[in-house]
$ cat start.tsv   # TSV, C-alpha atoms
chain	number	residue	atom	x	y	z
F	1	MET	CA	-10.89	158.77	43.79
F	2	LYS	CA	-7.24	157.89	44.30
F	3	GLN	CA	-6.91	156.68	40.72
F	4	ARG	CA	-8.46	159.91	39.45
F	5	ARG	CA	-5.90	161.98	41.39
F	6	VAL	CA	-3.05	159.92	39.99
F	7	ASP	CA	-4.39	160.40	36.47
F	8	LYS	CA	-4.54	164.18	36.92
F	9	PHE	CA	-1.00	164.16	38.26
F	10	ASP	CA	0.26	162.16	35.28
F	11	LEU	CA	-1.68	164.37	32.88
F	12	VAL	CA	-0.17	167.60	34.20
F	13	PHE	CA	3.35	166.21	34.14
F	14	SER	CA	2.81	164.78	30.66
F	15	ILE	CA	1.68	168.18	29.39
F	16	LEU	CA	4.70	169.89	30.93
F	17	GLY	CA	7.03	167.24	29.52
F	18	GLY	CA	5.37	167.44	26.11
F	19	ALA	CA	5.94	171.20	26.06
F	20	VAL	CA	9.67	170.65	26.59
F	21	LEU	CA	9.82	168.03	23.84
F	22	LEU	CA	7.91	170.33	21.50
F	23	PHE	CA	10.35	173.13	22.25
F	24	VAL	CA	13.22	170.87	21.16
F	25	ILE	CA	11.58	169.26	18.15
F	26	ALA	CA	9.61	172.15	16.64
F	27	PRO	CA	12.57	174.33	15.54
F	28	LEU	CA	14.36	171.36	14.00
F	29	PHE	CA	11.25	170.12	12.22
F	30	SER	CA	10.52	173.62	10.95
F	31	MET	CA	14.06	173.95	9.60
F	32	VAL	CA	13.81	170.64	7.75
F	33	ILE	CA	10.43	171.26	6.10
F	34	LYS	CA	11.47	174.77	5.03
F	35	THR	CA	14.55	173.48	3.21
F	36	PRO	CA	13.84	172.42	-0.41
F	37	ALA	CA	15.11	168.98	-1.37
F	38	ALA	CA	16.91	170.47	-4.39
F	39	ASP	CA	18.92	172.73	-2.09
F	40	LEU	CA	19.87	169.78	0.09
F	41	VAL	CA	21.06	167.75	-2.87
F	42	ALA	CA	23.05	170.65	-4.33
F	43	THR	CA	24.64	171.49	-0.98
F	44	ALA	CA	25.49	167.87	-0.22
F	45	ALA	CA	27.29	167.64	-3.56
F	46	GLU	CA	29.63	170.54	-2.73
F	47	ALA	CA	33.18	169.40	-2.07
F	48	GLU	CA	33.63	172.17	0.50
F	49	VAL	CA	30.67	170.94	2.53
F	50	GLN	CA	31.78	167.31	2.35
F	51	GLY	CA	35.31	168.24	3.40
F	52	SER	CA	34.06	170.35	6.28
F	53	ILE	CA	31.80	167.59	7.64
F	54	PHE	CA	34.60	165.02	7.37
F	55	LEU	CA	37.03	167.38	9.14
F	56	THR	CA	34.54	167.99	11.94
F	57	LEU	CA	33.86	164.28	12.45
F	58	TRP	CA	37.54	163.39	12.30
F	59	CYS	CA	38.72	166.07	14.72
F	60	SER	CA	36.01	165.29	17.27
F	61	MET	CA	36.66	161.55	17.14
F	62	ALA	CA	40.43	162.03	17.38
F	63	ALA	CA	40.11	164.45	20.30
F	64	THR	CA	37.85	162.01	22.14
F	65	ALA	CA	40.19	159.07	21.58
F	66	LEU	CA	43.35	160.97	22.53
F	67	PHE	CA	42.02	162.50	25.73
F	68	ALA	CA	40.21	159.34	26.83
F	69	VAL	CA	43.62	157.78	27.51
F	70	SER	CA	44.17	160.15	30.44
F	71	ALA	CA	40.57	161.09	31.29
F	72	ILE	CA	39.43	157.56	32.15
F	73	PRO	CA	42.26	156.93	34.68
F	74	LEU	CA	41.57	160.35	36.23
F	75	ALA	CA	37.89	159.47	36.56
F	76	TYR	CA	38.87	156.24	38.32
F	77	LEU	CA	41.05	158.12	40.81
F	78	LEU	CA	38.25	160.58	41.53
F	79	ALA	CA	35.86	157.69	42.13
F	80	ARG	CA	38.11	155.59	44.32
F	81	LYS	CA	40.63	157.83	46.10
F	82	GLN	CA	40.19	160.41	48.82
F	83	PHE	CA	42.77	163.19	48.83
F	84	ARG	CA	43.15	166.79	49.83
F	85	GLY	CA	41.80	169.13	47.19
F	86	LYS	CA	39.55	166.54	45.55
F	87	ARG	CA	36.54	168.87	45.51
F	88	LEU	CA	38.69	171.54	43.90
F	89	VAL	CA	39.77	169.10	41.19
F	90	ILE	CA	36.16	168.19	40.46
F	91	ALA	CA	35.24	171.88	40.31
F	92	ILE	CA	38.09	172.57	37.88
F	93	ILE	CA	36.93	169.72	35.66
F	94	ASP	CA	33.46	171.29	35.41
F	95	LEU	CA	34.81	174.76	34.56
F	96	PRO	CA	34.60	174.35	30.75
F	97	ILE	CA	30.85	173.81	31.08
F	98	VAL	CA	30.17	177.11	32.83
F	99	ILE	CA	32.60	179.55	31.19
F	100	PRO	CA	31.70	181.22	27.86
F	101	HIS	CA	33.16	179.22	25.00
F	102	SER	CA	34.52	182.33	23.34
F	103	ALA	CA	36.50	182.92	26.55
F	104	ALA	CA	37.62	179.29	26.40
F	105	GLY	CA	38.88	179.90	22.87
F	106	ILE	CA	40.87	182.93	24.01
F	107	ALA	CA	42.39	180.90	26.85
F	108	ILE	CA	43.33	178.04	24.53
F	109	LEU	CA	44.76	180.43	21.96
F	110	GLY	CA	47.06	181.93	24.57
F	111	PHE	CA	48.13	178.43	25.58
F	112	ILE	CA	48.99	177.17	22.09
F	113	ASN	CA	50.13	180.27	20.16
F	114	ARG	CA	53.58	180.44	18.64
F	115	ASP	CA	55.06	182.18	21.70
F	116	SER	CA	53.95	179.47	24.12
F	117	ILE	CA	55.83	176.30	25.05
F	118	LEU	CA	53.41	174.15	23.02
F	119	GLY	CA	53.62	176.58	20.14
F	120	HIS	CA	57.41	176.42	20.14
F	121	ALA	CA	57.32	172.63	20.31
F	122	ALA	CA	54.91	172.46	17.38
F	123	GLY	CA	57.04	174.90	15.40
F	124	TYR	CA	60.08	172.72	15.98
F	125	PHE	CA	58.29	169.95	14.06
F	126	GLY	CA	57.21	172.37	11.35
F	127	THR	CA	53.56	172.62	12.33
F	128	SER	CA	51.23	174.88	14.30
F	129	PHE	CA	48.23	174.35	16.53
F	130	VAL	CA	46.76	177.72	15.61
F	131	GLY	CA	44.87	177.41	12.35
F	132	GLY	CA	45.36	173.65	12.22
F	133	GLU	CA	43.62	170.39	13.06
F	134	GLY	CA	45.55	170.11	16.32
F	135	GLY	CA	44.11	173.39	17.54
F	136	ILE	CA	40.60	172.31	16.55
F	137	MET	CA	41.00	169.07	18.52
F	138	LEU	CA	42.23	170.91	21.60
F	139	ALA	CA	39.31	173.36	21.45
F	140	MET	CA	36.81	170.53	21.05
F	141	ALA	CA	38.37	168.50	23.86
F	142	PHE	CA	38.45	171.45	26.26
F	143	VAL	CA	34.70	172.04	26.13
F	144	SER	CA	33.66	168.38	25.94
F	145	ILE	CA	35.95	166.45	28.28
F	146	PRO	CA	33.82	167.13	31.40
F	147	PHE	CA	31.09	164.92	29.92
F	148	LEU	CA	33.44	161.94	29.67
F	149	LEU	CA	34.96	162.50	33.11
F	150	SER	CA	31.58	162.79	34.78
F	151	ALA	CA	30.12	159.71	33.09
F	152	ALA	CA	33.22	157.58	33.69
F	153	ARG	CA	33.41	158.64	37.34
F	154	ASN	CA	29.78	157.67	37.88
F	155	GLY	CA	30.47	154.35	36.20
F	156	PHE	CA	33.39	153.55	38.49
F	157	LEU	CA	31.37	154.64	41.54
F	158	GLY	CA	28.84	151.98	40.56
F	159	VAL	CA	31.43	149.19	40.62
F	160	PRO	CA	31.33	147.33	43.98
F	161	VAL	CA	34.58	147.94	45.86
F	162	ARG	CA	34.43	144.44	47.33
F	163	LEU	CA	35.02	142.94	43.89
F	164	GLU	CA	38.18	144.97	43.43
F	165	LYS	CA	39.40	144.05	46.91
F	166	ALA	CA	38.68	140.38	46.26
F	167	ALA	CA	40.78	140.47	43.10
F	168	LEU	CA	43.61	142.21	44.96
F	169	ASN	CA	43.48	139.60	47.74
F	170	LEU	CA	43.78	136.88	45.09
F	171	GLY	CA	47.07	138.41	43.95
F	172	ALA	CA	46.04	140.59	41.01
F	173	SER	CA	47.96	143.82	40.53
F	174	PRO	CA	46.10	147.16	40.73
F	175	LEU	CA	46.48	147.56	36.97
F	176	ARG	CA	45.07	144.12	36.30
F	177	VAL	CA	42.14	144.80	38.64
F	178	PHE	CA	41.46	148.03	36.79
F	179	LEU	CA	41.59	146.38	33.35
F	180	THR	CA	39.72	143.16	34.18
F	181	VAL	CA	37.25	144.22	36.88
F	182	SER	CA	36.67	147.96	37.11
F	183	LEU	CA	36.81	148.87	33.44
F	184	PRO	CA	34.48	146.12	32.15
F	185	LEU	CA	31.88	146.78	34.86
F	186	ALA	CA	31.93	150.54	34.26
F	187	TRP	CA	32.05	150.18	30.49
F	188	ARG	CA	28.44	151.18	29.81
F	189	ASP	CA	28.88	154.59	31.46
F	190	ILE	CA	32.31	155.09	29.92
F	191	VAL	CA	31.00	154.46	26.42
F	192	SER	CA	28.11	156.81	27.09
F	193	GLY	CA	30.63	159.46	28.15
F	194	LEU	CA	32.73	158.88	25.04
F	195	VAL	CA	29.69	159.34	22.82
F	196	LEU	CA	28.66	162.50	24.66
F	197	MET	CA	32.18	163.94	24.45
F	198	TRP	CA	32.34	163.21	20.74
F	199	ALA	CA	28.91	164.71	20.14
F	200	ARG	CA	29.69	167.83	22.16
F	201	GLY	CA	32.94	168.33	20.26
F	202	LEU	CA	31.07	168.12	16.97
F	203	SER	CA	28.86	171.06	17.86
F	204	GLU	CA	31.54	173.38	19.21
F	205	PHE	CA	31.74	176.79	17.58
F	206	GLY	CA	32.89	179.50	20.01
F	207	ALA	CA	36.25	178.04	21.00
F	208	VAL	CA	37.04	176.58	17.57
F	209	VAL	CA	36.37	179.76	15.59
F	210	ILE	CA	38.95	181.64	17.69
F	211	VAL	CA	41.62	178.96	17.59
F	212	ALA	CA	41.20	177.91	13.95
F	213	TYR	CA	38.81	179.71	11.61
F	214	HIS	CA	40.42	177.68	8.85
F	215	PRO	CA	40.43	174.79	8.11
F	216	ILE	CA	36.73	175.35	8.49
F	217	VAL	CA	34.59	172.98	10.55
F	218	THR	CA	30.89	172.71	9.84
F	219	PRO	CA	29.55	174.85	12.73
F	220	VAL	CA	31.84	177.65	11.55
F	221	MET	CA	30.76	177.11	7.94
F	222	ILE	CA	27.10	177.44	8.93
F	223	PHE	CA	27.83	180.73	10.70
F	224	GLU	CA	29.95	181.99	7.79
F	225	ARG	CA	27.27	181.26	5.21
F	226	PHE	CA	24.58	182.80	7.38
F	227	GLY	CA	26.61	185.98	7.80
F	228	ALA	CA	27.58	186.23	4.15
F	229	TYR	CA	24.49	184.97	2.31
F	230	GLY	CA	21.66	184.69	4.82
F	231	LEU	CA	19.41	181.97	6.17
F	232	LYS	CA	18.61	180.42	2.80
F	233	TYR	CA	22.21	179.36	2.18
F	234	ALA	CA	23.05	178.40	5.76
F	235	ARG	CA	19.99	176.23	6.39
F	236	PRO	CA	20.83	173.35	3.96
F	237	VAL	CA	24.28	172.92	5.53
F	238	ALA	CA	22.73	172.87	8.99
F	239	VAL	CA	20.13	170.26	7.98
F	240	ILE	CA	22.73	167.98	6.37
F	241	PHE	CA	25.10	168.26	9.32
F	242	ILE	CA	22.35	167.56	11.85
F	243	ALA	CA	21.24	164.52	9.85
F	244	VAL	CA	24.79	163.13	9.66
F	245	CYS	CA	25.37	163.69	13.38
F	246	LEU	CA	22.01	162.16	14.28
F	247	VAL	CA	22.64	159.01	12.25
F	248	LEU	CA	26.14	158.53	13.67
F	249	PHE	CA	24.95	159.28	17.20
F	250	LEU	CA	22.23	156.64	16.97
F	251	VAL	CA	24.62	154.09	15.49
F	252	LEU	CA	27.19	154.67	18.24
F	253	ARG	CA	24.50	154.43	20.90
F	254	LEU	CA	23.30	151.10	19.52
F	255	LEU	CA	26.84	149.73	19.26
F	256	ALA	CA	27.59	150.87	22.79
F	257	ARG	CA	24.48	149.14	24.10
F	258	GLU	CA	25.31	145.90	22.29
F	259	ARG	CA	28.90	145.96	23.53
F	260	SER	CA	27.80	146.62	27.08
F	261	ASP	CA	25.33	143.75	26.92
F	262	VAL	CA	28.08	141.43	25.66
F	263	ALA	CA	30.40	142.60	28.45
F	264	ARG	CA	27.78	141.68	31.00
$ encode --input "start.tsv" --output "structure tokens"
Amino acid sequence: MKQRRVDKFDLVFSILGGAVLLFVIAPLFSMVIKTPAADLVATAAEAEVQGSIFLTLWCSMAATALFAVSAIPLAYLLARKQFRGKRLVIAIIDLPIVIPHSAAGIAILGFINRDSILGHAAGYFGTSFVGGEGGIMLAMAFVSIPFLLSAARNGFLGVPVRLEKAALNLGASPLRVFLTVSLPLAWRDIVSGLVLMWARGLSEFGAVVIVAYHPIVTPVMIFERFGAYGLKYARPVAVIFIAVCLVLFLVLRLLARERSDVAR
């Protein structure tokens, strides 16, 4: 009787879980099977599409790498230190997740336009964030950095404090403890956060389209082709971009797992 109850419990939860998975997979599968192979080949051969995908990958990777330099130390402080206003800092970090991304784009645009301090600094060097790769990176980083901070903070919280204190008692400096004890032990979560930040930056549309409509990233290209030509012309770009992102995401996940295993 007990086994029968457990089976019913598992069956109900499996059905509910299967419905969620179907909800995620069905639209993607439908989009793929409705896109002719000839359209995929022709779209993949377009220089504009190739350039857009490369730009999107490059900007997201660069934004992740640049902001990781400061995000990872901040995550460590949030995991290890107690200070006044800590809850407020954590709440501020999560803000980009809850605010509309079009509003985020407006906020970023006001921060980097030519009349701002950053805009003046960029103009001094003969460049501009607005309508440039720098602006795209900032927009991508703004909406995606909470994923890295959250994952890295959880990773550092999982590192036993006694190991850090033991290293300090043996004469290691705080920096050396961070680099040789804390960082290696939290590496699995940090890498997971880096991958999530990169992936989230890839998909950003709302903030990017306001800051830099051109050069055109792939999410903006998909929207532009849908608005100008309809579903038939937007769908092949979407399928190709999803396939590229999926392959790279899986590769990065596998590399992260192997590196974490080696670190252990």
$ closest_residue --input "start.tsv" --among "F:Ala151, F:Ala38, F:Ile190, F:Val217" --to "F:Trp58" --atoms "only C-alpha atoms"
F:Val217
$ closest_atom_pairs --input "start.tsv" --of "stretch 134-249 of chain F" --to "stretch 118-129 of chain F" --cutoff "12 Å" --atoms "only C-alpha atoms" --output "JSON lines"
{"residue": "F:Gly134", "atom": "CA", "partner": "F:Phe129", "partner_atom": "CA", "distance": 5.0}
{"residue": "F:Gly135", "atom": "CA", "partner": "F:Phe129", "partner_atom": "CA", "distance": 4.3}
{"residue": "F:Ile136", "atom": "CA", "partner": "F:Phe129", "partner_atom": "CA", "distance": 7.9}
{"residue": "F:Met137", "atom": "CA", "partner": "F:Phe129", "partner_atom": "CA", "distance": 9.2}
{"residue": "F:Leu138", "atom": "CA", "partner": "F:Phe129", "partner_atom": "CA", "distance": 8.6}
{"residue": "F:Ala139", "atom": "CA", "partner": "F:Phe129", "partner_atom": "CA", "distance": 10.2}
{"residue": "F:Val208", "atom": "CA", "partner": "F:Phe129", "partner_atom": "CA", "distance": 11.5}
{"residue": "F:Ile210", "atom": "CA", "partner": "F:Phe129", "partner_atom": "CA", "distance": 11.9}
{"residue": "F:Val211", "atom": "CA", "partner": "F:Phe129", "partner_atom": "CA", "distance": 8.1}
{"residue": "F:Ala212", "atom": "CA", "partner": "F:Phe129", "partner_atom": "CA", "distance": 8.3}
{"residue": "F:Tyr213", "atom": "CA", "partner": "F:Phe129", "partner_atom": "CA", "distance": 11.9}
{"residue": "F:His214", "atom": "CA", "partner": "F:Phe129", "partner_atom": "CA", "distance": 11.4}
{"residue": "F:Pro215", "atom": "CA", "partner": "F:Phe129", "partner_atom": "CA", "distance": 11.5}
$ atom_distance --input "start.tsv" --atom1 "atom CA of F:Ala107" --atom2 "atom CA of F:Val143"
11.8 Å
$ atom_distance --input "start.tsv" --atom1 "atom CA of F:Phe249" --atom2 "atom CA of F:Trp198"
9.1 Å
$ atom_distance --input "start.tsv" --atom1 "atom CA of F:Val195" --atom2 "atom CA of F:Ser150"
12.6 Å
$ closest_residue --input "start.tsv" --among "F:Val32, F:Val220, F:Val24, F:Ile145" --to "F:Ile242" --atoms "only C-alpha atoms"
F:Val32
$ closest_residue --input "start.tsv" --among "F:Ala104, F:Ala166, F:Leu185, F:Ala91" --to "F:Val209" --atoms "all atoms listed in the file"
F:Ala104
$ residues_around --input "start.tsv" --residues "F:Arg225" --least-positions-apart "2" --cutoff "12 Å" --atoms "all atoms listed in the file" --output "JSON, numbers by chain"
{"F": [43, 49, 216, 218, 219, 220, 221, 222, 223, 227, 228, 229, 230, 231, 232, 233, 234, 235, 236, 237, 238]}
